[in-house]
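Enquirer: So I've got this file, upload-v8.cif, and it contains mmCIF, C-alpha atoms:
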data_my_file
#
loop_
_atom_site.label_atom_id
_atom_site.label_comp_id
_atom_site.auth_asym_id
_atom_site.auth_seq_id
_atom_site.Cartn_x
_atom_site.Cartn_y
_atom_site.Cartn_z
CA ASP A 1 -43.62 58.89 -86.74
CA ALA A 2 -43.19 62.34 -88.22
CA GLY A 3 -39.99 64.05 -87.30
CA VAL A 4 -39.33 67.77 -87.27
CA ILE A 5 -40.77 69.30 -90.42
CA GLN A 6 -39.26 72.34 -92.08
CA SER A 7 -40.37 74.33 -95.07
CA PRO A 8 -39.35 75.30 -97.59
CA ARG A 9 -36.47 72.87 -98.13
CA HIS A 10 -34.80 75.28 -100.53
CA GLU A 11 -35.21 79.01 -100.91
CA VAL A 12 -33.54 81.31 -103.40
CA THR A 13 -34.23 84.99 -103.04
CA GLU A 14 -32.77 88.33 -103.90
CA MET A 15 -31.05 90.67 -101.51
CA GLY A 16 -33.52 92.88 -99.69
CA GLN A 17 -36.40 90.44 -99.81
CA GLU A 18 -38.14 89.07 -96.75
CA VAL A 19 -37.61 85.39 -96.06
CA THR A 20 -39.74 83.26 -93.73
CA LEU A 21 -38.66 79.81 -92.66
CA ARG A 22 -41.12 77.47 -91.00
CA CYS A 23 -40.82 74.66 -88.51
CA LYS A 24 -43.17 72.11 -87.01
CA PRO A 25 -41.59 70.36 -84.02
CA ILE A 26 -42.23 66.77 -83.04
CA SER A 27 -45.62 66.52 -81.37
CA GLY A 28 -45.31 66.67 -77.60
CA HIS A 29 -41.87 68.25 -77.60
CA ASN A 30 -41.55 71.30 -75.40
CA SER A 31 -38.34 72.90 -76.61
CA LEU A 32 -37.56 74.25 -80.04
CA PHE A 33 -34.24 75.47 -81.41
CA TRP A 34 -33.17 77.38 -84.52
CA TYR A 35 -29.62 76.83 -85.83
CA ARG A 36 -27.66 78.14 -88.78
CA GLN A 37 -24.86 76.17 -90.49
CA THR A 38 -22.21 77.60 -92.78
CA MET A 39 -18.87 76.31 -93.94
CA MET A 40 -17.08 79.18 -92.24
CA ARG A 41 -18.82 79.21 -88.87
CA GLY A 42 -20.19 75.69 -88.55
CA LEU A 43 -23.43 75.10 -86.66
CA GLU A 44 -24.57 78.00 -84.47
CA LEU A 45 -27.55 78.26 -82.16
CA LEU A 46 -29.66 81.31 -83.01
CA ILE A 47 -32.52 81.10 -80.52
CA TYR A 48 -34.45 78.57 -78.49
CA PHE A 49 -37.90 78.35 -76.96
CA ASN A 50 -39.22 76.48 -73.95
CA ASN A 51 -42.99 75.98 -73.91
CA ASN A 52 -43.34 78.55 -76.73
CA VAL A 53 -41.45 81.22 -74.78
CA PRO A 54 -38.14 82.53 -76.17
CA ILE A 55 -35.46 81.78 -73.60
CA ASP A 56 -32.25 82.93 -75.23
CA ASP A 57 -31.93 84.85 -78.49
CA SER A 58 -28.36 85.99 -77.98
CA GLY A 59 -27.30 84.01 -81.04
CA MET A 60 -29.53 85.97 -83.38
CA PRO A 61 -27.11 87.86 -85.63
CA GLU A 62 -28.87 91.20 -85.74
CA ASP A 63 -32.22 92.93 -85.80
CA ARG A 64 -32.94 91.69 -89.28
CA PHE A 65 -33.61 88.28 -87.74
CA SER A 66 -36.73 87.52 -85.71
CA ALA A 67 -38.34 84.30 -84.51
CA LYS A 68 -41.78 83.49 -83.19
CA MET A 69 -43.53 80.49 -81.74
CA PRO A 70 -47.25 81.27 -81.62
CA ASN A 71 -48.16 77.76 -80.48
CA ALA A 72 -46.61 74.44 -79.57
CA SER A 73 -46.69 73.10 -83.11
CA PHE A 74 -45.32 75.97 -85.16
CA SER A 75 -42.40 78.36 -85.29
CA THR A 76 -41.07 80.83 -87.83
CA LEU A 77 -37.69 82.44 -88.42
CA LYS A 78 -37.89 85.61 -90.44
CA ILE A 79 -35.12 87.58 -92.11
CA GLN A 80 -35.99 91.05 -93.28
CA PRO A 81 -34.26 92.37 -95.30
CA SER A 82 -32.15 89.42 -96.41
CA GLU A 83 -28.49 89.79 -97.40
CA PRO A 84 -26.11 87.50 -99.32
CA ARG A 85 -24.21 86.71 -96.09
CA ASP A 86 -27.39 85.13 -94.72
CA SER A 87 -26.96 82.27 -97.19
CA ALA A 88 -26.73 79.11 -95.12
CA VAL A 89 -28.62 76.01 -94.07
CA TYR A 90 -31.09 76.76 -91.30
CA PHE A 91 -32.03 73.88 -89.04
CA CYS A 92 -34.87 73.63 -86.59
CA ALA A 93 -34.62 71.10 -83.77
CA SER A 94 -36.92 70.05 -80.96
CA SER A 95 -36.55 68.16 -77.72
CA LEU A 96 -39.01 66.63 -75.32
CA VAL A 97 -37.89 68.30 -72.13
CA ALA A 98 -38.33 72.01 -71.52
CA GLY A 99 -35.40 72.77 -69.32
CA PRO A 100 -31.78 73.81 -69.37
CA ILE A 101 -30.48 73.33 -72.85
CA GLY A 102 -28.85 70.04 -73.57
CA THR A 103 -30.68 68.09 -70.91
CA ASP A 104 -32.53 66.15 -73.56
CA THR A 105 -31.76 64.84 -77.02
CA GLN A 106 -32.40 67.30 -79.81
CA TYR A 107 -33.97 66.03 -83.02
CA PHE A 108 -33.14 68.07 -86.08
CA GLY A 109 -35.30 68.78 -89.08
CA PRO A 110 -33.95 68.36 -92.63
CA GLY A 111 -33.06 72.04 -92.86
CA THR A 112 -33.82 74.88 -95.23
CA ARG A 113 -31.06 75.73 -97.68
CA LEU A 114 -31.23 79.50 -98.18
CA THR A 115 -29.45 81.32 -100.97
CA VAL A 116 -29.61 85.09 -101.09
CA LEU A 117 -28.41 86.52 -104.38
CA ARG B 1 -9.58 80.43 -79.61
CA LYS B 2 -12.75 78.49 -80.41
CA GLU B 3 -14.55 76.93 -77.49
CA VAL B 4 -14.66 73.55 -79.24
CA GLU B 5 -12.02 72.47 -81.74
CA GLN B 6 -11.77 69.47 -84.02
CA ASP B 7 -9.41 68.37 -86.76
CA PRO B 8 -11.57 68.75 -89.89
CA GLY B 9 -9.80 65.87 -91.67
CA PRO B 10 -10.72 64.26 -93.94
CA PHE B 11 -9.73 60.95 -92.47
CA ASN B 12 -9.53 58.40 -95.28
CA VAL B 13 -9.45 54.83 -93.99
CA PRO B 14 -10.04 51.38 -95.50
CA GLU B 15 -12.98 49.25 -94.47
CA GLY B 16 -12.28 47.37 -91.27
CA ALA B 17 -9.85 49.94 -89.94
CA THR B 18 -9.99 51.48 -86.49
CA VAL B 19 -10.11 55.26 -86.44
CA ALA B 20 -10.15 57.78 -83.62
CA PHE B 21 -11.09 61.43 -83.46
CA ASN B 22 -10.30 63.90 -80.73
CA CYS B 23 -12.03 67.10 -79.81
CA THR B 24 -10.73 69.70 -77.39
CA TYR B 25 -12.77 72.18 -75.39
CA SER B 26 -11.52 75.33 -73.74
CA ASN B 27 -13.93 75.86 -70.85
CA SER B 28 -13.13 73.65 -67.89
CA ALA B 29 -16.63 74.30 -66.51
CA SER B 30 -18.25 72.43 -69.41
CA GLN B 31 -20.39 69.62 -68.06
CA SER B 32 -21.98 67.64 -70.85
CA PHE B 33 -20.54 66.24 -74.04
CA PHE B 34 -21.94 64.54 -77.12
CA TRP B 35 -21.00 63.21 -80.51
CA TYR B 36 -23.37 63.91 -83.40
CA ARG B 37 -23.15 62.46 -86.88
CA GLN B 38 -24.03 64.45 -90.00
CA ASP B 39 -24.29 62.86 -93.41
CA CYS B 40 -23.68 64.97 -96.50
CA ARG B 41 -26.51 67.50 -96.98
CA LYS B 42 -28.46 65.99 -94.10
CA GLU B 43 -29.29 67.05 -90.58
CA PRO B 44 -27.13 66.22 -87.53
CA LYS B 45 -28.21 63.23 -85.48
CA LEU B 46 -27.14 62.29 -81.99
CA LEU B 47 -24.64 59.44 -82.10
CA MET B 48 -23.88 59.13 -78.42
CA SER B 49 -23.48 61.03 -75.20
CA VAL B 50 -20.07 61.03 -73.54
CA TYR B 51 -19.97 60.09 -69.89
CA SER B 52 -17.15 60.62 -67.43
CA SER B 53 -16.61 56.90 -67.15
CA GLY B 54 -16.57 56.46 -70.92
CA ASN B 55 -19.20 54.58 -72.83
CA GLU B 56 -19.46 52.08 -75.62
CA ASP B 57 -22.17 51.42 -78.17
CA GLY B 58 -21.31 48.57 -80.48
CA ARG B 59 -18.31 49.55 -82.56
CA PHE B 60 -18.28 53.07 -81.11
CA THR B 61 -16.49 54.12 -77.93
CA ALA B 62 -16.52 57.61 -76.46
CA GLN B 63 -14.10 58.82 -73.80
CA LEU B 64 -13.81 62.00 -71.77
CA ASN B 65 -10.55 63.33 -70.36
CA ARG B 66 -11.36 66.23 -68.08
CA ALA B 67 -7.78 66.87 -67.04
CA SER B 68 -6.70 67.47 -70.63
CA GLN B 69 -10.10 68.79 -71.69
CA TYR B 70 -10.73 66.56 -74.63
CA ILE B 71 -13.21 63.95 -75.72
CA SER B 72 -12.58 61.16 -78.16
CA LEU B 73 -14.55 58.88 -80.44
CA LEU B 74 -13.18 55.51 -81.49
CA ILE B 75 -14.73 53.57 -84.34
CA ARG B 76 -13.71 49.94 -84.70
CA ASP B 77 -14.13 47.77 -87.79
CA SER B 78 -15.22 50.77 -89.84
CA LYS B 79 -17.92 50.32 -92.47
CA LEU B 80 -18.58 52.21 -95.67
CA SER B 81 -21.74 53.50 -94.02
CA ASP B 82 -19.67 55.19 -91.32
CA SER B 83 -18.60 57.80 -93.88
CA ALA B 84 -19.93 61.09 -92.52
CA THR B 85 -18.95 64.17 -90.57
CA TYR B 86 -18.71 63.70 -86.82
CA LEU B 87 -19.55 66.74 -84.72
CA CYS B 88 -18.24 67.18 -81.22
CA VAL B 89 -20.76 69.00 -79.02
CA VAL B 90 -20.15 70.58 -75.63
CA ILE B 91 -22.52 72.35 -73.31
CA SER B 92 -20.81 75.65 -72.64
CA GLY B 93 -19.83 76.19 -69.06
CA ASN B 94 -20.58 79.88 -69.47
CA THR B 95 -23.87 80.00 -71.27
CA GLY B 96 -25.27 76.50 -70.93
CA LYS B 97 -25.69 76.38 -74.71
CA LEU B 98 -24.71 73.58 -77.05
CA ILE B 99 -21.49 74.51 -78.83
CA PHE B 100 -20.75 72.49 -81.95
CA GLY B 101 -17.30 71.81 -83.28
CA GLN B 102 -16.65 72.25 -86.97
CA GLY B 103 -16.77 68.51 -87.47
CA THR B 104 -14.34 65.80 -88.59
CA THR B 105 -14.99 64.19 -91.94
CA LEU B 106 -14.50 60.44 -92.26
CA GLN B 107 -14.33 58.63 -95.58
CA VAL B 108 -14.26 54.84 -95.42
CA LYS B 109 -12.98 53.30 -98.64
CA PRO B 110 -13.63 49.77 -99.94
#
For this file, write the structure as structure tokens.
Expert:
Amino acid sequence: DAGVIQSPRHEVTEMGQEVTLRCKPISGHNSLFWYRQTMMRGLELLIYFNNNVPIDDSGMPEDRFSAKMPNASFSTLKIQPSEPRDSAVYFCASSLVAGPIGTDTQYFGPGTRLTVL
Amino acid sequence: RKEVEQDPGPFNVPEGATVAFNCTYSNSASQSFFWYRQDCRKEPKLLMSVYSSGNEDGRFTAQLNRASQYISLLIRDSKLSDSATYLCVVISGNTGKLIFGQGTTLQVKP
């Protein structure tokens, strides 16, 4: 069975460029989560969706970050303009149940390793 | 103070050893607790949930101590393949979000 799919797996870009990260959740899952992991801050929840609707985006660092989920099988996280401090691994996760966070197991994708020069 | 704190380690133990990690949480209203495992340059994966009564899964035992606000993970008869970072995860009593600890790194040596 296909797990959560993320693309690209690695991205190197220059400061000021737009970056778009993509995620395909597990088929049939109703919740989708975007996380960022750095050595300094660990794993942080950025935003999550239930049934394609953004529920909580309070973890999004600033207006340069935006996320969309146009349908149940696709989500994007966009950074515009990117900055060196955005360098991190970005994980997408999905879970079966659309409900209060944590009520169901989250399955993580392999992550996108972003480097902003 | 961080909402979830772990000793980053690394814990270096020989094969067959028993090792235990603790994780403390600051919000007494936290309700749900988990241990995730993350291998180097890989994604986190759920290892086990932590129940109030404690739970065991093979060589792994998780315990919750609400009075002292910590959870623990015990690994018996450790294997080389247990080498990984173990993330303590708490559902925040304030926001309902998953809060991840920084992780504890375990290295099992032959």
Enquirer: Within 10 Å of chain A, which residues belong to chain B? Use all atoms listed in the file and report them as a list in words.
Expert: Ser32, Phe33, Phe34, Arg41, Lys42, Glu43, Pro44, Lys45, Leu46, Met48, Ser49, Leu87, Val89, Val90, Ile91, Ser92, Thr95, Gly96, Lys97, Leu98, Ile99, Phe100, Gly101, Gln102 and Gly103 of chain B
Enquirer: Could you please determine the separation between atom CA of B:Ser72 and atom CA of A:Leu96 in Å, to one decimal place?
Expert: 27.1 Å
Enquirer: Evaluate the PyMOL selection byres ((chain A and resi 64) around 9) on the structure here and hand back the selected residues as a list of chain:residue names.
Expert: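 Written out, the selection comes to A:Met60, A:Pro61, A:Glu62, A:Asp63, A:Phe65, A:Ser66, A:Lys78, A:Ile79, A:Gln80, A:Pro81, A:Ser82.
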Enquirer: Can you work out the spacing between atom CA of B:Ser78 and atom CA of B:Trp35 in Å, to one decimal?
Expert: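 Calculated distance between atom CA of B:Ser78 and atom CA of B:Trp35 is 16.6 Å.
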Enquirer: Residue by residue, what does the PyMOL selection byres ((chain B and resi 11) around 10) grab here? Present the result as a ChimeraX atom specification.
Expert: /B:7-10,12-13,19-21,83,85,104-108
Enquirer: Pull the neighbourhood of (-48.3, 75.4, -90.0) for me: all residues within 9 Å in file coordinates, counting all atoms listed in the file, as a ChimeraX atom specification.
Expert: /A:22-24,73-75
Enquirer: Since I can't run it myself right now, could you work out what the PyMOL selection byres ((chain B and resi 18) around 6) selects here and report it as an mmCIF file with C-alpha atoms, in the frame of the given file?
Expert:
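Contents of the output file expr_39.cif:
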data_model
loop_
_atom_site.group_PDB
_atom_site.id
_atom_site.type_symbol
_atom_site.label_atom_id
_atom_site.label_comp_id
_atom_site.auth_asym_id
_atom_site.auth_seq_id
_atom_site.Cartn_x
_atom_site.Cartn_y
_atom_site.Cartn_z
ATOM 1 C CA ALA B 17 -9.850 49.940 -89.940
ATOM 2 C CA VAL B 19 -10.110 55.260 -86.440
ATOM 3 C CA ILE B 75 -14.730 53.570 -84.340
ATOM 4 C CA ARG B 76 -13.710 49.940 -84.700
ATOM 5 C CA ASP B 77 -14.130 47.770 -87.790
#
Enquirer: Would you please work out which residue, of A:Gln6, A:Ser87, A:Ser94, A:Thr20, is nearest to A:Ala67 when using only C-alpha atoms?
Expert: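 The answer is A:Thr20, which sits nearest to A:Ala67.
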Enquirer: Go through A:Asp57, A:Phe49, A:Glu83, A:Val19 and flag the residue nearest A:Pro70, using all atoms listed in the file for the distances.
Expert: A:Phe49
Enquirer: If I take atom CA of B:Tyr25 and atom CA of B:Ala67, how far is one from the other in Å, to one decimal?
Expert: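 About the pair atom CA of B:Tyr25 and atom CA of B:Ala67: they are 11.1 Å apart.
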Enquirer: Mind filling out stretch 83-105 of chain B with N, CA, C and O atoms and sending it as a compact mmCIF listing (two decimals), keeping the file's coordinate frame?
Expert:
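Result saved to selection-v2.txt:
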# COMPACT_ATOMS: atom_id res chain seq x y z
N SER B 83 -19.06 56.57 -93.21
CA SER B 83 -18.60 57.80 -93.88
C SER B 83 -19.59 58.93 -93.58
O SER B 83 -20.78 58.84 -93.91
N ALA B 84 -19.08 59.98 -92.95
CA ALA B 84 -19.93 61.09 -92.52
C ALA B 84 -19.04 62.13 -91.86
O ALA B 84 -17.82 61.95 -91.75
N THR B 85 -19.65 63.20 -91.40
CA THR B 85 -18.95 64.17 -90.57
C THR B 85 -19.39 63.98 -89.14
O THR B 85 -20.59 63.86 -88.86
N TYR B 86 -18.43 63.93 -88.23
CA TYR B 86 -18.71 63.70 -86.82
C TYR B 86 -18.49 65.00 -86.06
O TYR B 86 -17.39 65.57 -86.08
N LEU B 87 -19.55 65.46 -85.42
CA LEU B 87 -19.55 66.74 -84.72
C LEU B 87 -19.40 66.52 -83.22
O LEU B 87 -20.17 65.78 -82.62
N CYS B 88 -18.43 67.19 -82.66
CA CYS B 88 -18.24 67.18 -81.22
C CYS B 88 -19.11 68.31 -80.64
O CYS B 88 -19.11 69.42 -81.18
N VAL B 89 -19.85 68.02 -79.59
CA VAL B 89 -20.76 69.00 -79.02
C VAL B 89 -20.53 69.10 -77.52
O VAL B 89 -20.49 68.09 -76.83
N VAL B 90 -20.42 70.32 -77.05
CA VAL B 90 -20.15 70.58 -75.63
C VAL B 90 -21.17 71.57 -75.12
O VAL B 90 -21.51 72.53 -75.82
N ILE B 91 -21.65 71.35 -73.91
CA ILE B 91 -22.52 72.35 -73.31
C ILE B 91 -21.62 73.36 -72.64
O ILE B 91 -20.84 73.02 -71.73
N SER B 92 -21.71 74.60 -73.11
CA SER B 92 -20.81 75.65 -72.64
C SER B 92 -20.95 75.85 -71.14
O SER B 92 -22.05 75.95 -70.61
N GLY B 93 -19.81 75.93 -70.49
CA GLY B 93 -19.83 76.19 -69.06
C GLY B 93 -20.27 77.60 -68.73
O GLY B 93 -20.70 77.88 -67.61
N ASN B 94 -20.18 78.49 -69.71
CA ASN B 94 -20.58 79.88 -69.47
C ASN B 94 -22.05 80.14 -69.70
O ASN B 94 -22.73 80.76 -68.90
N THR B 95 -22.52 79.65 -70.83
CA THR B 95 -23.87 80.00 -71.27
C THR B 95 -24.86 78.85 -71.14
O THR B 95 -26.06 79.08 -71.23
N GLY B 96 -24.38 77.65 -70.96
CA GLY B 96 -25.27 76.50 -70.93
C GLY B 96 -25.76 76.10 -72.31
O GLY B 96 -26.61 75.22 -72.43
N LYS B 97 -25.24 76.71 -73.35
CA LYS B 97 -25.69 76.38 -74.71
C LYS B 97 -24.87 75.25 -75.29
O LYS B 97 -23.74 75.01 -74.88
N LEU B 98 -25.46 74.59 -76.30
CA LEU B 98 -24.71 73.58 -77.05
C LEU B 98 -23.75 74.30 -78.00
O LEU B 98 -24.18 75.14 -78.79
N ILE B 99 -22.49 73.98 -77.91
CA ILE B 99 -21.49 74.51 -78.83
C ILE B 99 -21.00 73.36 -79.70
O ILE B 99 -20.53 72.34 -79.19
N PHE B 100 -21.15 73.52 -81.00
CA PHE B 100 -20.75 72.49 -81.95
C PHE B 100 -19.36 72.75 -82.47
O PHE B 100 -19.02 73.89 -82.82
N GLY B 101 -18.57 71.70 -82.57
CA GLY B 101 -17.30 71.81 -83.28
C GLY B 101 -17.57 71.86 -84.78
O GLY B 101 -18.69 71.65 -85.23
N GLN B 102 -16.52 72.14 -85.52
CA GLN B 102 -16.65 72.25 -86.97
C GLN B 102 -16.86 70.90 -87.64
O GLN B 102 -17.28 70.82 -88.78
N GLY B 103 -16.56 69.84 -86.93
CA GLY B 103 -16.77 68.51 -87.47
C GLY B 103 -15.50 67.90 -88.05
O GLY B 103 -14.61 68.61 -88.53
N THR B 104 -15.42 66.58 -87.98
CA THR B 104 -14.34 65.80 -88.59
C THR B 104 -14.96 64.90 -89.64
O THR B 104 -15.90 64.16 -89.33
N THR B 105 -14.44 64.99 -90.85
CA THR B 105 -14.99 64.19 -91.94
C THR B 105 -14.25 62.86 -92.06
O THR B 105 -13.03 62.81 -92.08
